[in-house]
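*Asks:* Before I ask anything, let me first share the structure, which is written out below as structure tokens.
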Amino acid sequence: MKLIAIGAFALASLTASAALAQSQGPANPGPAIPGVCVYFNQRVLAQSTVGQAVQTRMEQLAQEVQGELQPYATAIQTEAQALQQGAATIPADQMNQRRQALQQRIQEAQQLEATRDNELRYTLAQQRQKISEAIEPILVAVYQEKGCGIMIDRESVFIMNPAMEVTDTVIQRLNAQLPTLSFNRSPVPAQPQS
């Protein structure tokens, strides 16, 4: 099912981002450039307590959805096997009716899976938005305190002097300000028809 792949991809990307952020650069990274600060948002999402809480809760929600979808998969597989095994003995009209019913169940399961997938994506986007809203004033404060003239995204920088990195400060302040978020799966709002 697609939901497992989405959860695995999200976890892998966060883990890779955290590993990338912790990789060591050269022994002599060169001088720190005054007024240049570097921030790594993916690392904040992966290493902050609220980011980890969101990831853990999203995994729980994905497991709940998987549990909701599993009976559909089991019933569909059982019926498909029964139709295959009884192909020679089931009358043609009954076979057609059962095939149509099976096709309808498959469509219902696919529609439910797509709905739950969209709900999980929407829920994750909502939580990331809340984290971003909490991070923004922290970033502004750190920018001013450090005397930054420019703040560069860490994903755009290959090697840098660690003295220019402000991510740890942001993580510490975010942990104090927003240690966790509590949430459940959210339905996607209906889109207005045009």
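We label chains A, B, ... in the order they appear in the structure tokens, count residues from 1 in each chain, and number ligands from 1 in the order shown.
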For segment 134-148 of chain A, please output as a list of chain:residue names all residues within 7 Å (counting only C-alpha atoms; exclusion window: fewer than 5 positions along the same chain).

*Replies:* A:Gly35, A:Val36, A:Cys37, A:Val170, A:Leu174

*Asks:* Excluding Ile152 of chain A and any residue of its chain fewer than 3 positions from it, enumerate the residues within 9 Å of it, using only C-alpha atoms, and give them as a ChimeraX atom specification.

*Replies:* /A:36-40,155-157

*Asks:* Let me make sure I understand: among A:Asn175, A:Glu165, A:Ile159, A:Pro91, which one has the smallest atom-to-atom distance to Pro26 of chain A if we use only C-alpha atoms?

*Replies:*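 Residue with the minimum atom-to-atom distance to Pro26 of chain A: A:Ile159.
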
*Asks:* Quick one: everything within 8 Å of Leu61 of chain A, counting only C-alpha atoms, minus sequence neighbours fewer than 3 positions away in the same chain. Send it as a list of chain:residue names.

*Replies:*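 Selected residues are A:Arg57, A:Met58, A:Glu64, A:Val65, A:Leu120, A:Asn184, A:Arg185.
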
*Asks:* A:Arg43, A:Ala125, A:Gln191, A:Arg98: which is nearest Gln84 of chain A, counting only C-alpha atoms?

*Replies:*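 When distances to Gln84 of chain A are compared using only C-alpha atoms, the smallest one comes from A:Arg98.
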
*Asks:* Give me the residues within 9 Å of Pro179 of chain A as a list in words, counting only C-alpha atoms and dropping any in the same chain fewer than 6 places off.

*Replies:* Ser48, Thr49, Val50, Gly51 and Ala53 of chain A

*Asks:* Among segment 132-174 of chain A, which residues does DSSP mark as alpha helix (DSSP H) when it is run on the backbone? Keep the chain and numbering as in the structure and answer as a list of chain:residue names.

*Replies:*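 Here is the list: A:Ser132, A:Glu133, A:Ala134, A:Ile135, A:Glu136, A:Pro137, A:Ile138, A:Leu139, A:Val140, A:Ala141, A:Val142, A:Tyr143, A:Gln144, A:Glu145, A:Thr167, A:Asp168, A:Thr169, A:Val170, A:Ile171, A:Gln172, A:Arg173, A:Leu174.
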
*Asks:* The selected residues should be written to file as a PDB file, in the first residue's frame (atoms: C-alpha atoms).

*Replies:*
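Final file, selection-v6.pdb:
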```pdb
ATOM      1  CA  SER A 132       7.097  26.955  10.817  1.00  0.00           C
ATOM      2  CA  GLU A 133       4.948  29.572  12.533  1.00  0.00           C
ATOM      3  CA  ALA A 134       6.786  28.874  15.801  1.00  0.00           C
ATOM      4  CA  ILE A 135      10.201  28.936  14.106  1.00  0.00           C
ATOM      5  CA  GLU A 136       9.741  32.237  12.258  1.00  0.00           C
ATOM      6  CA  PRO A 137      10.017  34.594  15.263  1.00  0.00           C
ATOM      7  CA  ILE A 138      12.894  32.491  16.628  1.00  0.00           C
ATOM      8  CA  LEU A 139      14.752  32.867  13.328  1.00  0.00           C
ATOM      9  CA  VAL A 140      14.151  36.619  13.295  1.00  0.00           C
ATOM     10  CA  ALA A 141      15.483  36.924  16.847  1.00  0.00           C
ATOM     11  CA  VAL A 142      18.555  34.771  16.102  1.00  0.00           C
ATOM     12  CA  TYR A 143      19.165  36.727  12.884  1.00  0.00           C
ATOM     13  CA  GLN A 144      19.217  39.967  14.829  1.00  0.00           C
ATOM     14  CA  GLU A 145      21.219  38.636  17.783  1.00  0.00           C
ATOM     15  CA  THR A 167      20.446  25.717  13.601  1.00  0.00           C
ATOM     16  CA  ASP A 168      21.390  24.447  17.076  1.00  0.00           C
ATOM     17  CA  THR A 169      20.245  27.715  18.645  1.00  0.00           C
ATOM     18  CA  VAL A 170      16.941  27.509  16.785  1.00  0.00           C
ATOM     19  CA  ILE A 171      16.420  23.884  17.893  1.00  0.00           C
ATOM     20  CA  GLN A 172      17.112  24.752  21.544  1.00  0.00           C
ATOM     21  CA  ARG A 173      14.656  27.648  21.506  1.00  0.00           C
ATOM     22  CA  LEU A 174      12.015  25.694  19.609  1.00  0.00           C
TER      23      LEU A 174
END
```

*Asks:* From the options A:Gln129, A:Gln70, A:Arg154, A:Leu124, which residue's atoms come nearest to Thr56 of chain A, counting only C-alpha atoms?

*Replies:* A:Leu124
